[in-house]
Every structure is written in structure tokens, then in C-alpha cells.
file structure28.pdb (PDB, C-alpha atoms, pLDDT in the B column)
ATOM      1  CA  MET A   1      18.458   1.420 -13.960  1.00 62.00           C
ATOM      2  CA  TRP A   2      18.728   4.583 -11.892  1.00 64.00           C
ATOM      3  CA  LEU A   3      19.922   6.512 -14.928  1.00 74.00           C
ATOM      4  CA  LEU A   4      16.802   5.454 -16.793  1.00 74.00           C
ATOM      5  CA  GLU A   5      14.673   6.875 -13.998  1.00 78.00           C
ATOM      6  CA  ILE A   6      16.668  10.112 -13.869  1.00 76.00           C
ATOM      7  CA  TYR A   7      16.591  10.639 -17.627  1.00 79.00           C
ATOM      8  CA  GLY A   8      12.928   9.668 -17.627  1.00 84.00           C
ATOM      9  CA  HIS A   9      12.145  12.519 -15.248  1.00 77.00           C
ATOM     10  CA  LEU A  10      14.161  14.842 -17.463  1.00 81.00           C
ATOM     11  CA  GLY A  11      12.292  13.703 -20.581  1.00 82.00           C
ATOM     12  CA  ASP A  12      15.567  12.951 -22.368  1.00 82.00           C
ATOM     13  CA  GLU A  13      14.502  11.029 -25.496  1.00 83.00           C
ATOM     14  CA  ILE A  14      18.022  10.170 -26.634  1.00 83.00           C
ATOM     15  CA  ALA A  15      19.123   8.822 -23.268  1.00 82.00           C
ATOM     16  CA  ILE A  16      15.928   6.783 -22.889  1.00 84.00           C
ATOM     17  CA  ALA A  17      16.319   5.369 -26.396  1.00 83.00           C
ATOM     18  CA  GLU A  18      19.860   4.300 -25.534  1.00 86.00           C
ATOM     19  CA  LEU A  19      19.292   3.105 -21.972  1.00 82.00           C
ATOM     20  CA  ARG A  20      15.903   1.399 -22.101  1.00 81.00           C
ATOM     21  CA  PRO A  21      16.941  -1.648 -24.185  1.00 84.00           C
ATOM     22  CA  ALA A  22      19.975  -2.256 -21.967  1.00 84.00           C
ATOM     23  CA  ALA A  23      17.898  -1.769 -18.815  1.00 82.00           C
ATOM     24  CA  GLU A  24      15.318  -4.281 -20.051  1.00 80.00           C
ATOM     25  CA  ILE A  25      18.066  -6.814 -20.772  1.00 82.00           C
ATOM     26  CA  GLU A  26      19.495  -6.351 -17.270  1.00 82.00           C
ATOM     27  CA  ALA A  27      16.061  -6.650 -15.674  1.00 77.00           C
ATOM     28  CA  GLN A  28      15.437  -9.878 -17.602  1.00 80.00           C
ATOM     29  CA  ARG A  29      18.911 -11.208 -16.846  1.00 82.00           C
ATOM     30  CA  TRP A  30      18.683 -10.674 -13.107  1.00 82.00           C
ATOM     31  CA  ASN A  31      14.892 -11.080 -12.917  1.00 80.00           C
ATOM     32  CA  LEU A  32      14.701  -8.824  -9.891  1.00 85.00           C
ATOM     33  CA  PRO A  33      11.272  -7.263  -9.338  1.00 89.00           C
ATOM     34  CA  TYR A  34      12.976  -4.193  -7.863  1.00 86.00           C
ATOM     35  CA  LEU A  35      14.639  -3.506 -11.222  1.00 89.00           C
ATOM     36  CA  TRP A  36      11.384  -4.020 -13.120  1.00 91.00           C
ATOM     37  CA  ALA A  37       9.617  -1.535 -10.839  1.00 93.00           C
ATOM     38  CA  ILE A  38      12.297   1.105 -11.445  1.00 92.00           C
ATOM     39  CA  LEU A  39      12.287   0.411 -15.185  1.00 92.00           C
ATOM     40  CA  HIS A  40       8.522   0.799 -15.510  1.00 94.00           C
ATOM     41  CA  ARG A  41       8.370   3.848 -13.237  1.00 95.00           C
ATOM     42  CA  GLY A  42      11.229   5.538 -15.088  1.00 93.00           C
ATOM     43  CA  TYR A  43       9.496   4.932 -18.394  1.00 94.00           C
ATOM     44  CA  GLY A  44       6.254   6.273 -16.915  1.00 96.00           C
ATOM     45  CA  ALA A  45       8.076   9.438 -15.837  1.00 95.00           C
ATOM     46  CA  PHE A  46       9.525   9.787 -19.333  1.00 94.00           C
ATOM     47  CA  CYS A  47       6.108   9.371 -20.968  1.00 96.00           C
ATOM     48  CA  THR A  48       4.712  11.944 -18.546  1.00 97.00           C
ATOM     49  CA  GLU A  49       7.349  14.442 -19.664  1.00 95.00           C
ATOM     50  CA  GLN A  50       6.448  13.678 -23.280  1.00 95.00           C
ATOM     51  CA  GLY A  51       2.720  14.120 -22.603  1.00 97.00           C
ATOM     52  CA  ASP A  52       2.005  10.517 -23.642  1.00 97.00           C
ATOM     53  CA  TRP A  53      -0.595   9.906 -20.964  1.00 98.00           C
ATOM     54  CA  THR A  54      -1.692   6.466 -22.181  1.00 98.00           C
ATOM     55  CA  GLU A  55       1.841   5.048 -22.124  1.00 98.00           C
ATOM     56  CA  ALA A  56       2.637   6.795 -18.839  1.00 98.00           C
ATOM     57  CA  GLU A  57      -0.403   5.355 -17.108  1.00 98.00           C
ATOM     58  CA  ALA A  58       0.287   1.873 -18.491  1.00 98.00           C
ATOM     59  CA  ALA A  59       3.898   2.038 -17.272  1.00 97.00           C
ATOM     60  CA  PHE A  60       2.870   3.135 -13.778  1.00 98.00           C
ATOM     61  CA  LYS A  61       0.279   0.354 -13.618  1.00 98.00           C
ATOM     62  CA  ARG A  62       2.953  -2.183 -14.623  1.00 97.00           C
ATOM     63  CA  ALA A  63       5.231  -0.836 -11.895  1.00 97.00           C
ATOM     64  CA  LEU A  64       2.446  -1.084  -9.311  1.00 97.00           C
ATOM     65  CA  THR A  65       1.685  -4.644 -10.363  1.00 96.00           C
ATOM     66  CA  VAL A  66       5.296  -5.564  -9.617  1.00 95.00           C
ATOM     67  CA  THR A  67       5.551  -3.623  -6.364  1.00 95.00           C
ATOM     68  CA  ARG A  68       2.288  -4.935  -4.959  1.00 93.00           C
ATOM     69  CA  ARG A  69       2.934  -8.532  -5.958  1.00 92.00           C
ATOM     70  CA  LYS A  70       6.395  -8.563  -4.384  1.00 91.00           C
ATOM     71  CA  GLY A  71       5.849  -6.253  -1.416  1.00 91.00           C
ATOM     72  CA  LEU A  72       8.307  -3.599  -2.587  1.00 93.00           C
ATOM     73  CA  TRP A  73       6.762  -0.881  -0.454  1.00 94.00           C
ATOM     74  CA  TYR A  74       9.376   1.824  -0.987  1.00 93.00           C
ATOM     75  CA  GLN A  75       9.172   1.382  -4.758  1.00 94.00           C
ATOM     76  CA  ASP A  76       5.394   1.282  -4.412  1.00 96.00           C
ATOM     77  CA  ALA A  77       5.400   4.667  -2.668  1.00 97.00           C
ATOM     78  CA  ARG A  78       7.741   6.139  -5.296  1.00 96.00           C
ATOM     79  CA  THR A  79       5.377   4.918  -8.009  1.00 98.00           C
ATOM     80  CA  TRP A  80       2.303   6.399  -6.300  1.00 98.00           C
ATOM     81  CA  LEU A  81       4.136   9.735  -6.115  1.00 98.00           C
ATOM     82  CA  ASP A  82       5.073   9.769  -9.803  1.00 97.00           C
ATOM     83  CA  TYR A  83       1.677   8.441 -10.888  1.00 98.00           C
ATOM     84  CA  GLY A  84      -0.001  11.212  -8.887  1.00 98.00           C
ATOM     85  CA  ARG A  85       2.231  13.811 -10.523  1.00 97.00           C
ATOM     86  CA  MET A  86       1.293  12.450 -13.941  1.00 98.00           C
ATOM     87  CA  LEU A  87      -2.414  12.738 -13.151  1.00 98.00           C
ATOM     88  CA  ILE A  88      -1.962  16.354 -12.075  1.00 97.00           C
ATOM     89  CA  ARG A  89      -0.253  17.197 -15.355  1.00 96.00           C
ATOM     90  CA  ARG A  90      -2.737  15.243 -17.453  1.00 97.00           C
ATOM     91  CA  ASN A  91      -5.638  17.061 -15.766  1.00 95.00           C
ATOM     92  CA  HIS A  92      -8.510  14.963 -17.143  1.00 97.00           C
ATOM     93  CA  SER A  93     -11.863  14.829 -15.394  1.00 96.00           C
ATOM     94  CA  GLY A  94     -11.422  13.086 -12.043  1.00 96.00           C
ATOM     95  CA  ASP A  95      -7.619  13.189 -12.187  1.00 97.00           C
ATOM     96  CA  ALA A  96      -7.249  15.700  -9.344  1.00 96.00           C
ATOM     97  CA  GLU A  97      -9.190  13.515  -6.919  1.00 96.00           C
ATOM     98  CA  LEU A  98      -7.312  10.389  -7.941  1.00 98.00           C
ATOM     99  CA  ALA A  99      -3.979  12.228  -7.759  1.00 98.00           C
ATOM    100  CA  ARG A 100      -4.819  13.392  -4.245  1.00 97.00           C
ATOM    101  CA  ASP A 101      -5.515   9.787  -3.208  1.00 98.00           C
ATOM    102  CA  PHE A 102      -2.258   8.553  -4.762  1.00 98.00           C
ATOM    103  CA  LEU A 103      -0.193  11.361  -3.241  1.00 98.00           C
ATOM    104  CA  ASN A 104      -1.734  10.836   0.194  1.00 97.00           C
ATOM    105  CA  GLU A 105      -0.930   7.126  -0.070  1.00 96.00           C
ATOM    106  CA  ALA A 106       2.655   7.935  -1.045  1.00 97.00           C
ATOM    107  CA  GLN A 107       3.022  10.455   1.778  1.00 97.00           C
ATOM    108  CA  THR A 108       1.731   8.007   4.373  1.00 97.00           C
ATOM    109  CA  MET A 109       4.061   5.279   3.148  1.00 96.00           C
ATOM    110  CA  PHE A 110       7.079   7.591   3.082  1.00 97.00           C
ATOM    111  CA  MET A 111       6.380   8.712   6.653  1.00 97.00           C
ATOM    112  CA  THR A 112       6.188   5.061   7.710  1.00 96.00           C
ATOM    113  CA  PHE A 113       9.644   4.415   6.223  1.00 93.00           C
ATOM    114  CA  GLY A 114      11.124   7.616   7.634  1.00 95.00           C
ATOM    115  CA  ALA A 115      11.619   9.042   4.129  1.00 94.00           C
ATOM    116  CA  HIS A 116      10.623  12.524   5.237  1.00 96.00           C
ATOM    117  CA  ALA A 117      11.979  14.402   2.204  1.00 95.00           C
ATOM    118  CA  LEU A 118       9.881  12.279  -0.145  1.00 94.00           C
ATOM    119  CA  ALA A 119       6.864  12.595   2.161  1.00 96.00           C
ATOM    120  CA  GLU A 120       7.268  16.358   1.927  1.00 96.00           C
ATOM    121  CA  LYS A 121       7.361  16.167  -1.883  1.00 95.00           C
ATOM    122  CA  ALA A 122       4.074  14.268  -1.843  1.00 97.00           C
ATOM    123  CA  TRP A 123       2.615  16.814   0.581  1.00 97.00           C
ATOM    124  CA  ILE A 124       3.727  19.732  -1.630  1.00 96.00           C
ATOM    125  CA  GLU A 125       2.106  18.150  -4.689  1.00 95.00           C
ATOM    126  CA  THR A 126      -1.098  17.595  -2.705  1.00 95.00           C
ATOM    127  CA  ALA A 127      -1.062  21.192  -1.449  1.00 94.00           C
ATOM    128  CA  ARG A 128      -0.800  22.453  -5.030  1.00 90.00           C
ATOM    129  CA  LEU A 129      -4.045  20.666  -5.824  1.00 88.00           C
ATOM    130  CA  THR A 130      -5.922  22.789  -3.303  1.00 79.00           C
ATOM    131  CA  VAL A 131      -4.665  26.116  -4.671  1.00 64.00           C
TER
END
call {"tool": "encode", "arguments": {"input": "structure28.pdb", "output": "C-alpha cells"}}
result
Amino acid sequence: MWLLEIYGHLGDEIAIAELRPAAEIEAQRWNLPYLWAILHRGYGAFCTEQGDWTEAEAAFKRALTVTRRKGLWYQDARTWLDYGRMLIRRNHSGDAELARDFLNEAQTMFMTFGAHALAEKAWIETARLTV
């Protein structure tokens, strides 16, 4: 599952094509919401790298549905961060404001968990919006 997320962020089409079916089987087999959240977020990151905004947004929304329903707050924060990054890259009307909201949410959550390095990443992305 983690490899899918890593290769998703790298935009590696071959790795995603090979890993995604196996990751989906594992997520179904174990039926752990945590795995589904990582699977959807990793695919959203991959679609972001490919510039497929519709698929990326749908994947992030699926991840958020899982994280919110099951109270997976760390995964929720990770998804807000990646979703915000996608909106910055997509750069449609209103995306900057929405990205700022998502990144601020992620930063606040990361600070609550003590995940300071990830909070800083969210802060850096937010700071870039103001430049």
C-alpha cells in the first residue's frame, strides 16, 4: 500500500499499473479503512502527477469519505495536504482559496498529532499561495 502512495507521488505509470490491482485486492481482503484511505490517496497523487484533475479529485474525495467515516484523523490530514497540493497545481478559479482551506486544516491536524514535519509541509504550501 505504501509503495502505491510513493509511486503515485512520483507519477510512475508502470508501477501504479502493476501495484494498484494487488493493492485493491489486499484492501478488499483485509477490509481495513486505513488501507482504502491510502489506496485512494495514492491514486489521487498519481492522477495529480498525470494532470488528470477529475480522477485526482474523485480519488481524494473517496479517501476523505473513508477517513471521515472511520475517524482516521492522521490519514485525513494527509489527504487534505495532498488534495490541497492538487488544487494548487490544477489552478482553476477558486482553487487557491480552497487549497488554502485544505492546507490550513491539514496543518492544524498535524500540529495536534505532533507531526511537525508534515505541518511544516502544509505551511510551506500555504506560504507559496501568498507569493
call {"tool": "atom_distance", "arguments": {"input": "structure28.pdb", "atom1": "CA of Gly44 in chain A", "atom2": "CA of Leu4 in chain A"}}
result
10.6 Å
call {"tool": "residues_around", "arguments": {"input": "structure28.pdb", "residues": "Ile124 in chain A", "least_positions_apart": "6", "cutoff": "12 Å", "atoms": "all atoms listed in the file", "output": "CSV table (one decimal) with C-alpha atoms, in the coordinates of the input"}}
result
chain,number,residue,atom,x,y,z
A,81,LEU,CA,4.1,9.7,-6.1
A,84,GLY,CA,0.0,11.2,-8.9
A,85,ARG,CA,2.2,13.8,-10.5
A,100,ARG,CA,-4.8,13.4,-4.2
A,103,LEU,CA,-0.2,11.4,-3.2
A,104,ASN,CA,-1.7,10.8,0.2
A,106,ALA,CA,2.7,7.9,-1.0
A,107,GLN,CA,3.0,10.5,1.8
A,117,ALA,CA,12.0,14.4,2.2
A,118,LEU,CA,9.9,12.3,-0.1
A,130,THR,CA,-5.9,22.8,-3.3
A,131,VAL,CA,-4.7,26.1,-4.7
call {"tool": "residues_around", "arguments": {"input": "structure28.pdb", "residues": "Leu10 in chain A", "least_positions_apart": "5", "cutoff": "10 Å", "atoms": "all atoms listed in the file", "output": "ChimeraX atom specification"}}
result
/A:4-5,15-16,45-46,48-50
call {"tool": "atom_distance", "arguments": {"input": "structure28.pdb", "atom1": "CA of Pro21 in chain A", "atom2": "CA of Arg89 in chain A"}}
result
27.0 Å
call {"tool": "atom_distance", "arguments": {"input": "structure28.pdb", "atom1": "CA of Leu64 in chain A", "atom2": "CA of Gly8 in chain A"}}
result
17.2 Å
call {"tool": "resolve_selection", "arguments": {"input": "structure28.pdb", "expression": "the PyMOL selection byres ((chain A and resi 80) around 10)", "output": "list of chain:residue names"}}
result
A:Arg41, A:Phe60, A:Lys61, A:Ala63, A:Leu64, A:Tyr74, A:Gln75, A:Asp76, A:Ala77, A:Arg78, A:Thr79, A:Leu81, A:Asp82, A:Tyr83, A:Gly84, A:Arg85, A:Met86, A:Ala99, A:Asp101, A:Phe102, A:Leu103, A:Asn104, A:Glu105, A:Ala106, A:Gln107, A:Met109, A:Ala122
call {"tool": "residues_around", "arguments": {"input": "structure28.pdb", "residues": "Pro33 in chain A", "least_positions_apart": "2", "cutoff": "12 Å", "atoms": "all atoms listed in the file", "output": "list in words"}}
result
Glu24, Glu26, Ala27, Gln28, Arg29, Trp30, Asn31, Leu35, Trp36, Ala37, Ile38, Leu39, His40, Arg62, Ala63, Leu64, Thr65, Val66, Thr67, Arg68, Arg69, Lys70, Gly71, Leu72, Trp73, Gln75 and Asp76 of chain A
call {"tool": "axis_aligned_box", "arguments": {"input": "structure28.pdb", "around": "range 22-26 of chain A", "padding_each_side": "6 Å", "output": "lines of an AutoDock Vina configuration file"}}
result
center_x = 17.6
center_y = -4.3
center_z = -19.6
size_x = 16.7
size_y = 17.0
size_z = 16.7
